[in-house]
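Report on the structure given below.
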Amino acid sequence: MMRSFPLLLIAALGLLLVFALGDSLLTGTEIGPVAQHYLDNGVAETGVYNLVTAVLLDYRALDTLLESAVIFAAAAAVWSLMQQRRLPDAEGGLSVAVRTLIPRLLPLLLVYSVHLALFGHLTPGGGFQGGVVLSVVSVLLIAAFGTGYEYRLISPNTKSRLELLGGGILVVIALAPLVVGAALLTNGGAGFPLGQPGSLFSGGTIPVLSLAIFVKVAAAFSLILYSLLKKGS
């Protein structure tokens, strides 16, 4: 009975969700005025075709900034807790097959992560997604060669500095519009050039914010994962 309890709980929650949403799951919901404004004016006001990115890094950029602060707090807390115990760095990875295959995958993941961050305002993706993919590289290095190798390649202190750098860029961009009398995190309204929608250099501050989040998320998640994997090594 205890083994089936999680499945029963998930099924019960699923049914509750279906009853709560009602017919909207089948018929859809009417688009509200705010969402309609994004659809009608998003490209002109932000300079990017990816309206998801436009919402996250322009219309609701303050939410994203605060979410980045949460990631920073999580990384700092995990690193602080793990430092209370001195644990040895593992020098050996997994099997020979893993050590042979992973180095061949890493260049693909590196390119993919950078692509997600650079072109997040043009295609599905963004700095957060790219940062998560890049942090997976750290995990694969540990799996292949151990925490000791990954530590020597890029130390936790370096990751911490990179996270601070990404956060610092976010704060500077957030405060810059105040100089010209615009609101916090204002993009085109503060005079930042939006460029030609569809081109790489478009969107004003959105691509810069995406790259800053990319660096910050990759460093923070990598630091958290390194701390947890080292504890288990």
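For the structure tokens, the naming scheme is as follows: chains receive sequential letters (A, B, ...) according to their order of presentation, residues are indexed from 1 within each chain, and ligands are indexed from 1 in presentation order.
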
DSSP on the backbone, then: every residue of region 164-233 of chain A marked alpha helix (DSSP H), written as a ChimeraX atom specification. /A:164-175,206-232

Close residues, Ala61 (chain A) itself excluded, 9 Å, only C-alpha atoms, min 5 positions apart in chain, as a compact mmCIF listing (two decimals) with all heavy atoms, in the first residue's frame:
```txt
# COMPACT_ATOMS: atom_id res chain seq x y z
N ALA A 54 10.37 38.26 -24.51
CA ALA A 54 10.00 39.67 -24.32
C ALA A 54 9.29 39.87 -22.99
O ALA A 54 9.54 40.86 -22.28
CB ALA A 54 9.10 40.12 -25.46
N VAL A 55 8.41 38.95 -22.63
CA VAL A 55 7.71 39.07 -21.35
C VAL A 55 8.67 38.89 -20.19
O VAL A 55 8.67 39.66 -19.22
CB VAL A 55 6.57 38.03 -21.28
CG1 VAL A 55 5.98 37.99 -19.88
CG2 VAL A 55 5.48 38.36 -22.29
N LEU A 56 9.53 37.88 -20.27
CA LEU A 56 10.42 37.57 -19.15
C LEU A 56 11.50 38.61 -18.94
O LEU A 56 11.89 38.89 -17.79
CB LEU A 56 11.07 36.20 -19.37
CG LEU A 56 10.14 34.99 -19.32
CD1 LEU A 56 10.92 33.71 -19.64
CD2 LEU A 56 9.48 34.87 -17.96
N LEU A 66 14.34 39.17 -9.57
CA LEU A 66 14.15 38.62 -8.23
C LEU A 66 14.35 37.10 -8.23
O LEU A 66 14.86 36.53 -7.25
CB LEU A 66 12.75 38.98 -7.72
CG LEU A 66 12.50 40.47 -7.51
CD1 LEU A 66 11.07 40.71 -7.05
CD2 LEU A 66 13.49 41.05 -6.51
N ALA A 174 19.40 47.03 -14.68
CA ALA A 174 18.15 47.39 -14.02
C ALA A 174 18.13 48.85 -13.60
O ALA A 174 17.11 49.53 -13.70
CB ALA A 174 17.93 46.48 -12.81
N LEU A 185 14.41 48.94 -15.04
CA LEU A 185 14.41 47.89 -16.06
C LEU A 185 13.66 48.26 -17.33
O LEU A 185 13.29 47.39 -18.11
CB LEU A 185 13.86 46.58 -15.50
CG LEU A 185 14.82 45.78 -14.62
CD1 LEU A 185 14.08 44.69 -13.86
CD2 LEU A 185 15.92 45.15 -15.47
N THR A 186 13.44 49.55 -17.58
CA THR A 186 12.82 49.98 -18.83
C THR A 186 13.79 49.72 -19.98
O THR A 186 14.99 49.95 -19.86
CB THR A 186 12.47 51.47 -18.78
OG1 THR A 186 11.59 51.70 -17.68
CG2 THR A 186 11.78 51.90 -20.06
```

Would you please work out which residue, of A:Pro107, A:Pro177, A:Pro124, A:Pro156, is nearest to Met82 (chain A) when using only C-alpha atoms?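 Comparing A:Pro107, A:Pro177, A:Pro124, A:Pro156 against Met82 (chain A), the winner is A:Pro156.
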
Counting only C-alpha atoms, the residue of A:Leu175, A:Val132, A:Val111, A:Leu106 that sits nearest Ala144 (chain A): A:Leu106

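Nearest-residue note for Leu170 (chain A): choosing from A:Arg99, A:Leu57, A:Ala77, A:Thr158, the minimum distance belongs to A:Leu57, counting only C-alpha atoms.
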
Closest of A:Ile10, A:Leu211, A:Ile224, A:Val70 to Phe128 (chain A) - atom-to-atom distances counting only C-alpha atoms: A:Leu211

Taking only C-alpha atoms into account, name the residue in A:Lys159, A:His121, A:His37, A:Arg104 that is nearest to Phe201 (chain A). A:His121

Distance criterion (only C-alpha atoms): nearest to Gly120 (chain A) out of A:Gly32, A:Gly14, A:Gly188, A:Gly203: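 Residue with the minimum atom-to-atom distance to Gly120 (chain A): A:Gly203.
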
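Using only C-alpha atoms, the residues found no farther than 9 Å from Val136 (chain A), other than those of its own chain fewer than 5 positions away, are Leu109, Gly131, Leu141, Ala218, Phe221, Ser222 and Leu225 of chain A.
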
Expected file: the selected residues, all heavy atoms, as a PDB file, in the first residue's frame:
```
ATOM      1  N   LEU A 109      27.392  20.154 -26.268  1.00  0.00           N
ATOM      2  CA  LEU A 109      26.615  20.807 -25.212  1.00  0.00           C
ATOM      3  C   LEU A 109      27.056  22.252 -25.011  1.00  0.00           C
ATOM      4  O   LEU A 109      26.222  23.133 -24.772  1.00  0.00           O
ATOM      5  CB  LEU A 109      26.764  20.026 -23.910  1.00  0.00           C
ATOM      6  CG  LEU A 109      26.051  18.676 -23.851  1.00  0.00           C
ATOM      7  CD1 LEU A 109      26.367  17.962 -22.543  1.00  0.00           C
ATOM      8  CD2 LEU A 109      24.548  18.840 -24.012  1.00  0.00           C
ATOM      9  N   GLY A 131      22.002  28.355 -19.456  1.00  0.00           N
ATOM     10  CA  GLY A 131      22.777  28.175 -18.234  1.00  0.00           C
ATOM     11  C   GLY A 131      22.589  26.798 -17.622  1.00  0.00           C
ATOM     12  O   GLY A 131      23.547  26.195 -17.116  1.00  0.00           O
ATOM     13  N   LEU A 141      31.472  16.253 -16.383  1.00  0.00           N
ATOM     14  CA  LEU A 141      32.909  16.217 -16.081  1.00  0.00           C
ATOM     15  C   LEU A 141      33.173  15.472 -14.776  1.00  0.00           C
ATOM     16  O   LEU A 141      34.124  14.685 -14.677  1.00  0.00           O
ATOM     17  CB  LEU A 141      33.464  17.642 -15.988  1.00  0.00           C
ATOM     18  CG  LEU A 141      33.672  18.381 -17.308  1.00  0.00           C
ATOM     19  CD1 LEU A 141      34.035  19.834 -17.052  1.00  0.00           C
ATOM     20  CD2 LEU A 141      34.761  17.702 -18.133  1.00  0.00           C
ATOM     21  N   ALA A 218      24.384  29.285 -14.947  1.00  0.00           N
ATOM     22  CA  ALA A 218      25.369  28.219 -15.149  1.00  0.00           C
ATOM     23  C   ALA A 218      26.302  28.109 -13.948  1.00  0.00           C
ATOM     24  O   ALA A 218      26.574  27.012 -13.456  1.00  0.00           O
ATOM     25  CB  ALA A 218      26.169  28.488 -16.419  1.00  0.00           C
ATOM     26  N   PHE A 221      24.119  26.913 -10.633  1.00  0.00           N
ATOM     27  CA  PHE A 221      23.724  25.505 -10.664  1.00  0.00           C
ATOM     28  C   PHE A 221      24.938  24.591 -10.616  1.00  0.00           C
ATOM     29  O   PHE A 221      24.915  23.544  -9.978  1.00  0.00           O
ATOM     30  CB  PHE A 221      22.895  25.235 -11.916  1.00  0.00           C
ATOM     31  CG  PHE A 221      21.470  25.672 -11.796  1.00  0.00           C
ATOM     32  CD1 PHE A 221      21.048  26.463 -10.736  1.00  0.00           C
ATOM     33  CD2 PHE A 221      20.529  25.323 -12.746  1.00  0.00           C
ATOM     34  CE1 PHE A 221      19.731  26.889 -10.622  1.00  0.00           C
ATOM     35  CE2 PHE A 221      19.210  25.729 -12.643  1.00  0.00           C
ATOM     36  CZ  PHE A 221      18.818  26.515 -11.572  1.00  0.00           C
ATOM     37  N   SER A 222      25.997  24.993 -11.311  1.00  0.00           N
ATOM     38  CA  SER A 222      27.217  24.190 -11.279  1.00  0.00           C
ATOM     39  C   SER A 222      27.793  24.128  -9.865  1.00  0.00           C
ATOM     40  O   SER A 222      28.256  23.082  -9.409  1.00  0.00           O
ATOM     41  CB  SER A 222      28.250  24.778 -12.247  1.00  0.00           C
ATOM     42  OG  SER A 222      29.457  24.050 -12.191  1.00  0.00           O
ATOM     43  N   LEU A 225      25.481  21.795  -7.759  1.00  0.00           N
ATOM     44  CA  LEU A 225      25.655  20.387  -8.127  1.00  0.00           C
ATOM     45  C   LEU A 225      27.012  19.866  -7.690  1.00  0.00           C
ATOM     46  O   LEU A 225      27.128  18.727  -7.219  1.00  0.00           O
ATOM     47  CB  LEU A 225      25.470  20.230  -9.643  1.00  0.00           C
ATOM     48  CG  LEU A 225      24.050  20.508 -10.151  1.00  0.00           C
ATOM     49  CD1 LEU A 225      24.044  20.580 -11.672  1.00  0.00           C
ATOM     50  CD2 LEU A 225      23.079  19.441  -9.669  1.00  0.00           C
TER      51      LEU A 225
END
```

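The interatomic distance for the pair CA of Ala97 (chain A) and CA of Tyr151 (chain A) works out to 22.0 Å.
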
Could you please determine the separation between CA of Leu162 (chain A) and CA of Leu101 (chain A) in Å, to one decimal place?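 Rounded to one decimal, the two atoms are 28.1 Å apart.
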
If you measure from CA of His115 (chain A) to CA of Gly130 (chain A), what distance in Å do you get, rounded to one decimal? 7.5 Å

Selection near Ser160 (chain A), 9 Å with only C-alpha atoms, sequence-local residues under 2 positions removed, as a list of chain:residue names: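 Contacts, in chain order: A:Ala75, A:Ala76, A:Ser155, A:Pro156, A:Asn157, A:Thr158, A:Leu162, A:Glu163, A:Leu164, A:Leu165, A:Lys216, A:Ala219, A:Ala220, A:Leu223.
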
Write out the residues from the selection above, keeping N, CA, C and O atoms, as a PDB file, in the first residue's frame.
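Final file, out.pdb:
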```
ATOM      1  N   ALA A  75      22.341  29.010  -4.057  1.00  0.00           N
ATOM      2  CA  ALA A  75      23.731  28.597  -4.260  1.00  0.00           C
ATOM      3  C   ALA A  75      24.592  28.942  -3.050  1.00  0.00           C
ATOM      4  O   ALA A  75      25.425  28.133  -2.606  1.00  0.00           O
ATOM      5  N   ALA A  76      24.393  30.146  -2.506  1.00  0.00           N
ATOM      6  CA  ALA A  76      25.173  30.552  -1.331  1.00  0.00           C
ATOM      7  C   ALA A  76      24.875  29.662  -0.134  1.00  0.00           C
ATOM      8  O   ALA A  76      25.782  29.280   0.622  1.00  0.00           O
ATOM      9  N   SER A 155      37.358  26.272 -10.360  1.00  0.00           N
ATOM     10  CA  SER A 155      37.138  26.109  -8.922  1.00  0.00           C
ATOM     11  C   SER A 155      35.811  26.727  -8.490  1.00  0.00           C
ATOM     12  O   SER A 155      35.257  27.593  -9.181  1.00  0.00           O
ATOM     13  N   PRO A 156      35.301  26.295  -7.335  1.00  0.00           N
ATOM     14  CA  PRO A 156      34.070  26.906  -6.811  1.00  0.00           C
ATOM     15  C   PRO A 156      34.194  28.411  -6.607  1.00  0.00           C
ATOM     16  O   PRO A 156      33.213  29.145  -6.781  1.00  0.00           O
ATOM     17  N   ASN A 157      35.366  28.883  -6.214  1.00  0.00           N
ATOM     18  CA  ASN A 157      35.546  30.326  -6.044  1.00  0.00           C
ATOM     19  C   ASN A 157      35.372  31.073  -7.368  1.00  0.00           C
ATOM     20  O   ASN A 157      34.795  32.172  -7.418  1.00  0.00           O
ATOM     21  N   THR A 158      35.876  30.470  -8.457  1.00  0.00           N
ATOM     22  CA  THR A 158      35.695  31.080  -9.777  1.00  0.00           C
ATOM     23  C   THR A 158      34.229  31.096 -10.171  1.00  0.00           C
ATOM     24  O   THR A 158      33.725  32.081 -10.723  1.00  0.00           O
ATOM     25  N   LEU A 162      31.881  34.322 -11.053  1.00  0.00           N
ATOM     26  CA  LEU A 162      31.104  34.423 -12.282  1.00  0.00           C
ATOM     27  C   LEU A 162      29.631  34.690 -11.970  1.00  0.00           C
ATOM     28  O   LEU A 162      28.972  35.469 -12.671  1.00  0.00           O
ATOM     29  N   GLU A 163      29.125  34.053 -10.934  1.00  0.00           N
ATOM     30  CA  GLU A 163      27.739  34.294 -10.547  1.00  0.00           C
ATOM     31  C   GLU A 163      27.546  35.744 -10.112  1.00  0.00           C
ATOM     32  O   GLU A 163      26.562  36.392 -10.473  1.00  0.00           O
ATOM     33  N   LEU A 164      28.498  36.252  -9.349  1.00  0.00           N
ATOM     34  CA  LEU A 164      28.423  37.658  -8.937  1.00  0.00           C
ATOM     35  C   LEU A 164      28.510  38.593 -10.142  1.00  0.00           C
ATOM     36  O   LEU A 164      27.845  39.640 -10.181  1.00  0.00           O
ATOM     37  N   LEU A 165      29.336  38.229 -11.126  1.00  0.00           N
ATOM     38  CA  LEU A 165      29.454  39.043 -12.335  1.00  0.00           C
ATOM     39  C   LEU A 165      28.126  39.102 -13.074  1.00  0.00           C
ATOM     40  O   LEU A 165      27.666  40.190 -13.471  1.00  0.00           O
ATOM     41  N   LYS A 216      25.109  33.618 -14.845  1.00  0.00           N
ATOM     42  CA  LYS A 216      24.718  33.484 -13.452  1.00  0.00           C
ATOM     43  C   LYS A 216      24.118  32.115 -13.163  1.00  0.00           C
ATOM     44  O   LYS A 216      24.483  31.461 -12.179  1.00  0.00           O
ATOM     45  N   ALA A 219      26.795  29.250 -13.457  1.00  0.00           N
ATOM     46  CA  ALA A 219      27.711  29.235 -12.323  1.00  0.00           C
ATOM     47  C   ALA A 219      27.016  28.763 -11.050  1.00  0.00           C
ATOM     48  O   ALA A 219      27.562  27.952 -10.296  1.00  0.00           O
ATOM     49  N   ALA A 220      25.794  29.248 -10.816  1.00  0.00           N
ATOM     50  CA  ALA A 220      25.083  28.894  -9.588  1.00  0.00           C
ATOM     51  C   ALA A 220      24.714  27.422  -9.556  1.00  0.00           C
ATOM     52  O   ALA A 220      24.965  26.722  -8.556  1.00  0.00           O
ATOM     53  N   LEU A 223      27.746  25.246  -9.160  1.00  0.00           N
ATOM     54  CA  LEU A 223      28.244  25.290  -7.783  1.00  0.00           C
ATOM     55  C   LEU A 223      27.395  24.405  -6.874  1.00  0.00           C
ATOM     56  O   LEU A 223      27.924  23.658  -6.031  1.00  0.00           O
TER      57      LEU A 223
END
```
